[in-house]
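J.: Would you mind keeping the following structure in view while I ask a few things?
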Amino acid sequence: MTTSVDFWIDPMSPWAWTTARWLEEVQTIRDIKVNWRVMCLAILHENDETPPPAQFQEWLKGTWLVARAVEAARADSGDEAARALLFAIGRMSNVDRNRDLPAVIEAAVSECGLPASITDAATTTEFDAVVRASHDAAVALGGKDVGTPILGIPGPDGTAVGLFGPVVSQTPRGDAAGRLWDGVVLIAQTPGFYELKKERTEKVWCD
Amino acid sequence: MKVTFWFDPMCPWAWITSRWVLEVQKVRDVDVNWQVMSLGVLNEGNDSSPKFADMIKRAWRPVRVLHAAQQLKGDEILLPLYTAMGNRFHLEKQKDVDVVIAEALAEVGLDASLAQAAVSTDFDDSVRASHADAIALSGSGVGTPVIAIDDLEGNPVGFFGPIVTPIPRGEVAGRLWDGFVLVAQVPGVVEIKRTRLSGPEVN
């Protein structure tokens, strides 16, 4: 039976990008269906006790543009269009390291064959409520003090539990991707599992 | 499979994970090397509150005694002495560290004079060295316990955790173990986490 999982990502996060790429790989070797959803780093940082540095705040504003564009694509053309746009923006930002975000969004919208109105929607508040609802659903499942991505996966009693991660510094492929999936499933099914962690000493590698 | 498990006996979360490891040994072929790490070292320089600072200061005592016992009796003494201490700290809620040490030493048949190590710095270097072995694998920004196995190429990989409550038992414990091994042996994995919704249930 196909396992349906929800995956919430802010594609501007390189550490979430590596996990998204892993999950894409898992889809080819395990019987899962991923619902690609958005969350937003700007919302995650709204309630920071100490406000982030000005430069980072400016960067965070851009994460709103991305999330709005993805939801605009979903409203216009459905889930598959949203997924395609999410991955196009993520690739251009994390792999090609294009830092000109408005240009990235415009190019990604064009690459996905979506109407230019999607690009325009990124700069309006039209989809903010939809973005917030999607983000809130992720946080409701994974918890407030974690980050992006959140994986919603069947838990001990079959209802979904939310896990932050698995955070990976490089994307596992092939057999390693499958083993990580199998391990995450077992961990998610353990009642009361909270944390497995090591310090991030390696740089994140996006491809 | 060989496992190394570093604990501080005063940490309730490490206690739960250690009891899980004992459950795993009933259902999987796992050989555990028990070692000490230290809340005192982990929290050096953290003086967030006087109460916390006092707890951290007291946390040096049991680990010094554990190392005094280890030097005398070898690694094999660490698990029984940890269990004797942990039962008192976590199940009996004994707050007096010196009472815990004295009773635990008696329970495992060690000389009461070993308790003197609690207030001496003789074993601090040895505790620090053991702690450093754990941190070399998990990194310093985490906590206790640290658990390590070999990856598929035979290199050690270590993580903080798994943090879980209540103690997984039987086959549930076995499946968490299987999941841990699968995840830990994939290169590049650094974190899986949920917000903690409840405190540690130590029994």
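Every chain in the structure tokens has a letter given in the order shown (A, B, ...), and although residue numbers restart at 1 in each chain, ligands are simply numbered from 1 in the order shown.
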Restrict the distance test to only C-alpha atoms, flag each residue of chain B within 9 Å of chain A, and return the flagged residues as a VMD selection string.
T.: chain B and resid 137 to 142 158 to 168 172 to 173 175 to 198
J.: Any chance you can output those residues with C-alpha atoms as a PDB file, in the first residue's frame?
T.:
ATOM      1  CA  LEU B 137      31.729  11.909  17.485  1.00  0.00           C
ATOM      2  CA  SER B 138      28.595  13.905  18.314  1.00  0.00           C
ATOM      3  CA  GLY B 139      30.025  17.424  18.326  1.00  0.00           C
ATOM      4  CA  SER B 140      29.941  19.710  21.320  1.00  0.00           C
ATOM      5  CA  GLY B 141      26.631  21.485  20.771  1.00  0.00           C
ATOM      6  CA  VAL B 142      24.497  18.579  21.948  1.00  0.00           C
ATOM      7  CA  GLY B 158      27.998   8.977  17.073  1.00  0.00           C
ATOM      8  CA  PHE B 159      24.813  10.835  17.914  1.00  0.00           C
ATOM      9  CA  PHE B 160      23.168  12.561  20.837  1.00  0.00           C
ATOM     10  CA  GLY B 161      20.088  10.500  21.656  1.00  0.00           C
ATOM     11  CA  PRO B 162      17.878   8.886  20.688  1.00  0.00           C
ATOM     12  CA  ILE B 163      15.803  10.964  23.098  1.00  0.00           C
ATOM     13  CA  VAL B 164      12.561   9.144  23.779  1.00  0.00           C
ATOM     14  CA  THR B 165       9.955   8.760  26.491  1.00  0.00           C
ATOM     15  CA  PRO B 166       8.674   6.423  27.849  1.00  0.00           C
ATOM     16  CA  ILE B 167      11.325   3.670  27.699  1.00  0.00           C
ATOM     17  CA  PRO B 168      10.622   1.559  24.598  1.00  0.00           C
ATOM     18  CA  VAL B 172       9.270  -1.584  20.042  1.00  0.00           C
ATOM     19  CA  ALA B 173      12.754  -1.160  21.495  1.00  0.00           C
ATOM     20  CA  ARG B 175      12.493  -1.509  15.987  1.00  0.00           C
ATOM     21  CA  LEU B 176      13.841   1.815  17.289  1.00  0.00           C
ATOM     22  CA  TRP B 177      17.251   0.169  17.350  1.00  0.00           C
ATOM     23  CA  ASP B 178      16.865  -1.038  13.761  1.00  0.00           C
ATOM     24  CA  GLY B 179      15.800   2.463  12.740  1.00  0.00           C
ATOM     25  CA  PHE B 180      18.689   4.059  14.566  1.00  0.00           C
ATOM     26  CA  VAL B 181      21.233   1.782  12.906  1.00  0.00           C
ATOM     27  CA  LEU B 182      19.776   2.384   9.437  1.00  0.00           C
ATOM     28  CA  VAL B 183      19.777   6.147   9.908  1.00  0.00           C
ATOM     29  CA  ALA B 184      23.144   6.422  11.650  1.00  0.00           C
ATOM     30  CA  GLN B 185      24.938   4.475   8.932  1.00  0.00           C
ATOM     31  CA  VAL B 186      23.840   6.814   6.141  1.00  0.00           C
ATOM     32  CA  PRO B 187      26.586   9.389   5.464  1.00  0.00           C
ATOM     33  CA  GLY B 188      25.598  12.979   6.152  1.00  0.00           C
ATOM     34  CA  VAL B 189      22.658  12.475   8.516  1.00  0.00           C
ATOM     35  CA  VAL B 190      22.788  15.082  11.281  1.00  0.00           C
ATOM     36  CA  GLU B 191      19.353  15.436  12.841  1.00  0.00           C
ATOM     37  CA  ILE B 192      15.815  14.133  13.270  1.00  0.00           C
ATOM     38  CA  LYS B 193      13.709  15.901  15.872  1.00  0.00           C
ATOM     39  CA  ARG B 194      10.263  16.700  17.205  1.00  0.00           C
ATOM     40  CA  THR B 195       9.346  19.284  19.790  1.00  0.00           C
ATOM     41  CA  ARG B 196       9.311  17.593  23.202  1.00  0.00           C
ATOM     42  CA  LEU B 197       5.708  17.433  24.325  1.00  0.00           C
ATOM     43  CA  SER B 198       6.242  15.706  27.664  1.00  0.00           C
TER      44      SER B 198
END
J.: Could you pull out the alpha helix (DSSP H) residues of chain B, going by DSSP on the backbone, and write them as a ChimeraX atom specification?
T.: /B:12-27,39-42,50-73,78-86,97-107,124-138,170-184
J.: Would you mind exporting C-alpha atoms of the selected residues as an mmCIF file, in the first residue's frame?
T.:
data_model
loop_
_atom_site.group_PDB
_atom_site.id
_atom_site.type_symbol
_atom_site.label_atom_id
_atom_site.label_comp_id
_atom_site.auth_asym_id
_atom_site.auth_seq_id
_atom_site.Cartn_x
_atom_site.Cartn_y
_atom_site.Cartn_z
ATOM 1 C CA PRO B 12 16.934 11.574 33.210
ATOM 2 C CA TRP B 13 16.857 11.481 29.392
ATOM 3 C CA ALA B 14 20.152 9.573 29.264
ATOM 4 C CA TRP B 15 18.679 7.216 31.848
ATOM 5 C CA ILE B 16 15.706 6.431 29.631
ATOM 6 C CA THR B 17 17.922 5.878 26.597
ATOM 7 C CA SER B 18 20.251 3.635 28.628
ATOM 8 C CA ARG B 19 17.311 1.509 29.807
ATOM 9 C CA TRP B 20 16.179 1.297 26.180
ATOM 10 C CA VAL B 21 19.624 -0.031 25.229
ATOM 11 C CA LEU B 22 19.250 -2.740 27.891
ATOM 12 C CA GLU B 23 15.864 -3.648 26.382
ATOM 13 C CA VAL B 24 17.473 -3.773 22.933
ATOM 14 C CA GLN B 25 20.005 -6.284 24.244
ATOM 15 C CA LYS B 26 17.127 -8.668 24.983
ATOM 16 C CA VAL B 27 15.878 -8.631 21.385
ATOM 17 C CA LEU B 39 27.046 17.304 32.439
ATOM 18 C CA GLY B 40 29.655 19.328 34.322
ATOM 19 C CA VAL B 41 31.868 19.521 31.247
ATOM 20 C CA LEU B 42 28.933 19.999 28.852
ATOM 21 C CA PRO B 50 22.343 29.721 40.586
ATOM 22 C CA LYS B 51 20.231 26.581 40.955
ATOM 23 C CA PHE B 52 21.453 25.211 37.642
ATOM 24 C CA ALA B 53 25.061 26.118 38.438
ATOM 25 C CA ASP B 54 24.716 24.244 41.738
ATOM 26 C CA MET B 55 23.300 21.170 39.977
ATOM 27 C CA ILE B 56 26.171 21.208 37.492
ATOM 28 C CA LYS B 57 28.683 21.472 40.307
ATOM 29 C CA ARG B 58 27.124 18.473 42.055
ATOM 30 C CA ALA B 59 27.100 16.561 38.762
ATOM 31 C CA TRP B 60 30.884 16.210 38.952
ATOM 32 C CA ARG B 61 30.622 13.968 42.007
ATOM 33 C CA PRO B 62 29.049 10.797 40.602
ATOM 34 C CA VAL B 63 31.160 10.796 37.423
ATOM 35 C CA ARG B 64 34.359 11.099 39.455
ATOM 36 C CA VAL B 65 33.278 8.109 41.541
ATOM 37 C CA LEU B 66 32.396 6.163 38.398
ATOM 38 C CA HIS B 67 35.890 6.776 37.070
ATOM 39 C CA ALA B 68 37.503 5.840 40.369
ATOM 40 C CA ALA B 69 35.566 2.571 40.223
ATOM 41 C CA GLN B 70 36.436 2.063 36.549
ATOM 42 C CA GLN B 71 40.139 2.480 37.291
ATOM 43 C CA LEU B 72 39.885 -0.082 40.087
ATOM 44 C CA LYS B 73 37.574 -2.655 38.485
ATOM 45 C CA LEU B 78 30.298 1.048 34.974
ATOM 46 C CA LEU B 79 26.887 -0.376 34.065
ATOM 47 C CA PRO B 80 26.069 -1.866 37.490
ATOM 48 C CA LEU B 81 27.263 1.264 39.271
ATOM 49 C CA TYR B 82 25.332 3.479 36.825
ATOM 50 C CA THR B 83 22.213 1.394 37.384
ATOM 51 C CA ALA B 84 22.605 1.593 41.158
ATOM 52 C CA MET B 85 23.043 5.369 40.969
ATOM 53 C CA GLY B 86 20.319 5.885 38.385
ATOM 54 C CA VAL B 97 24.172 13.089 45.563
ATOM 55 C CA ASP B 98 26.354 11.860 48.422
ATOM 56 C CA VAL B 99 23.628 9.504 49.659
ATOM 57 C CA VAL B 100 23.235 8.157 46.132
ATOM 58 C CA ILE B 101 26.981 7.569 45.842
ATOM 59 C CA ALA B 102 27.295 5.843 49.221
ATOM 60 C CA GLU B 103 24.301 3.565 48.673
ATOM 61 C CA ALA B 104 25.278 2.728 45.102
ATOM 62 C CA LEU B 105 28.825 1.804 46.077
ATOM 63 C CA ALA B 106 27.468 -0.485 48.788
ATOM 64 C CA GLU B 107 24.981 -2.088 46.415
ATOM 65 C CA ASP B 124 38.846 14.979 36.416
ATOM 66 C CA ASP B 125 41.348 14.494 33.591
ATOM 67 C CA SER B 126 40.139 10.957 33.072
ATOM 68 C CA VAL B 127 36.469 12.080 33.037
ATOM 69 C CA ARG B 128 37.337 14.848 30.588
ATOM 70 C CA ALA B 129 39.135 12.420 28.291
ATOM 71 C CA SER B 130 36.162 10.035 28.229
ATOM 72 C CA HIS B 131 33.798 12.950 27.635
ATOM 73 C CA ALA B 132 36.005 14.175 24.791
ATOM 74 C CA ASP B 133 35.739 10.755 23.105
ATOM 75 C CA ALA B 134 31.949 11.188 22.992
ATOM 76 C CA ILE B 135 32.052 14.777 21.806
ATOM 77 C CA ALA B 136 34.550 13.904 19.088
ATOM 78 C CA LEU B 137 31.729 11.909 17.485
ATOM 79 C CA SER B 138 28.595 13.905 18.314
ATOM 80 C CA GLY B 170 10.409 -5.411 23.757
ATOM 81 C CA GLU B 171 10.000 -5.335 20.013
ATOM 82 C CA VAL B 172 9.270 -1.584 20.042
ATOM 83 C CA ALA B 173 12.754 -1.160 21.495
ATOM 84 C CA GLY B 174 14.118 -3.457 18.805
ATOM 85 C CA ARG B 175 12.493 -1.509 15.987
ATOM 86 C CA LEU B 176 13.841 1.815 17.289
ATOM 87 C CA TRP B 177 17.251 0.169 17.350
ATOM 88 C CA ASP B 178 16.865 -1.038 13.761
ATOM 89 C CA GLY B 179 15.800 2.463 12.740
ATOM 90 C CA PHE B 180 18.689 4.059 14.566
ATOM 91 C CA VAL B 181 21.233 1.782 12.906
ATOM 92 C CA LEU B 182 19.776 2.384 9.437
ATOM 93 C CA VAL B 183 19.777 6.147 9.908
ATOM 94 C CA ALA B 184 23.144 6.422 11.650
#
J.: What does the structure give for the distance between atom CA of A:Gly78 and atom CA of A:Ser117, in Å to one decimal?
T.: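 Distance between the two atoms: 14.8 Å.
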J.: Run DSSP on the backbone and tell me which residues of stretch 91-152 of chain B come out as strand (DSSP E); list them as JSON, numbers by chain.
T.: {"B": [146, 147, 148, 149, 150]}
J.: One decimal, Å: what's the distance from atom CA of A:Phe87 over to atom CA of A:Met1, could you say?
T.: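 According to the coordinates, atom CA of A:Phe87 and atom CA of A:Met1 are separated by 26.5 Å.
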J.: With a distance cut-off of 6 Å and only C-alpha atoms, select the neighbouring residues of B:Ile149, excluding the residue or stretch itself and same-chain residues fewer than 3 positions from it, and output the selection as a list in words.
T.: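 Counting only the stated atoms, we get Val3, Pro156 and Val157 of chain B.
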J.: So how far away is atom CA of A:Leu60 from atom CA of A:Asp48, in Å?
T.: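 Distance between the two atoms: 12.7 Å.
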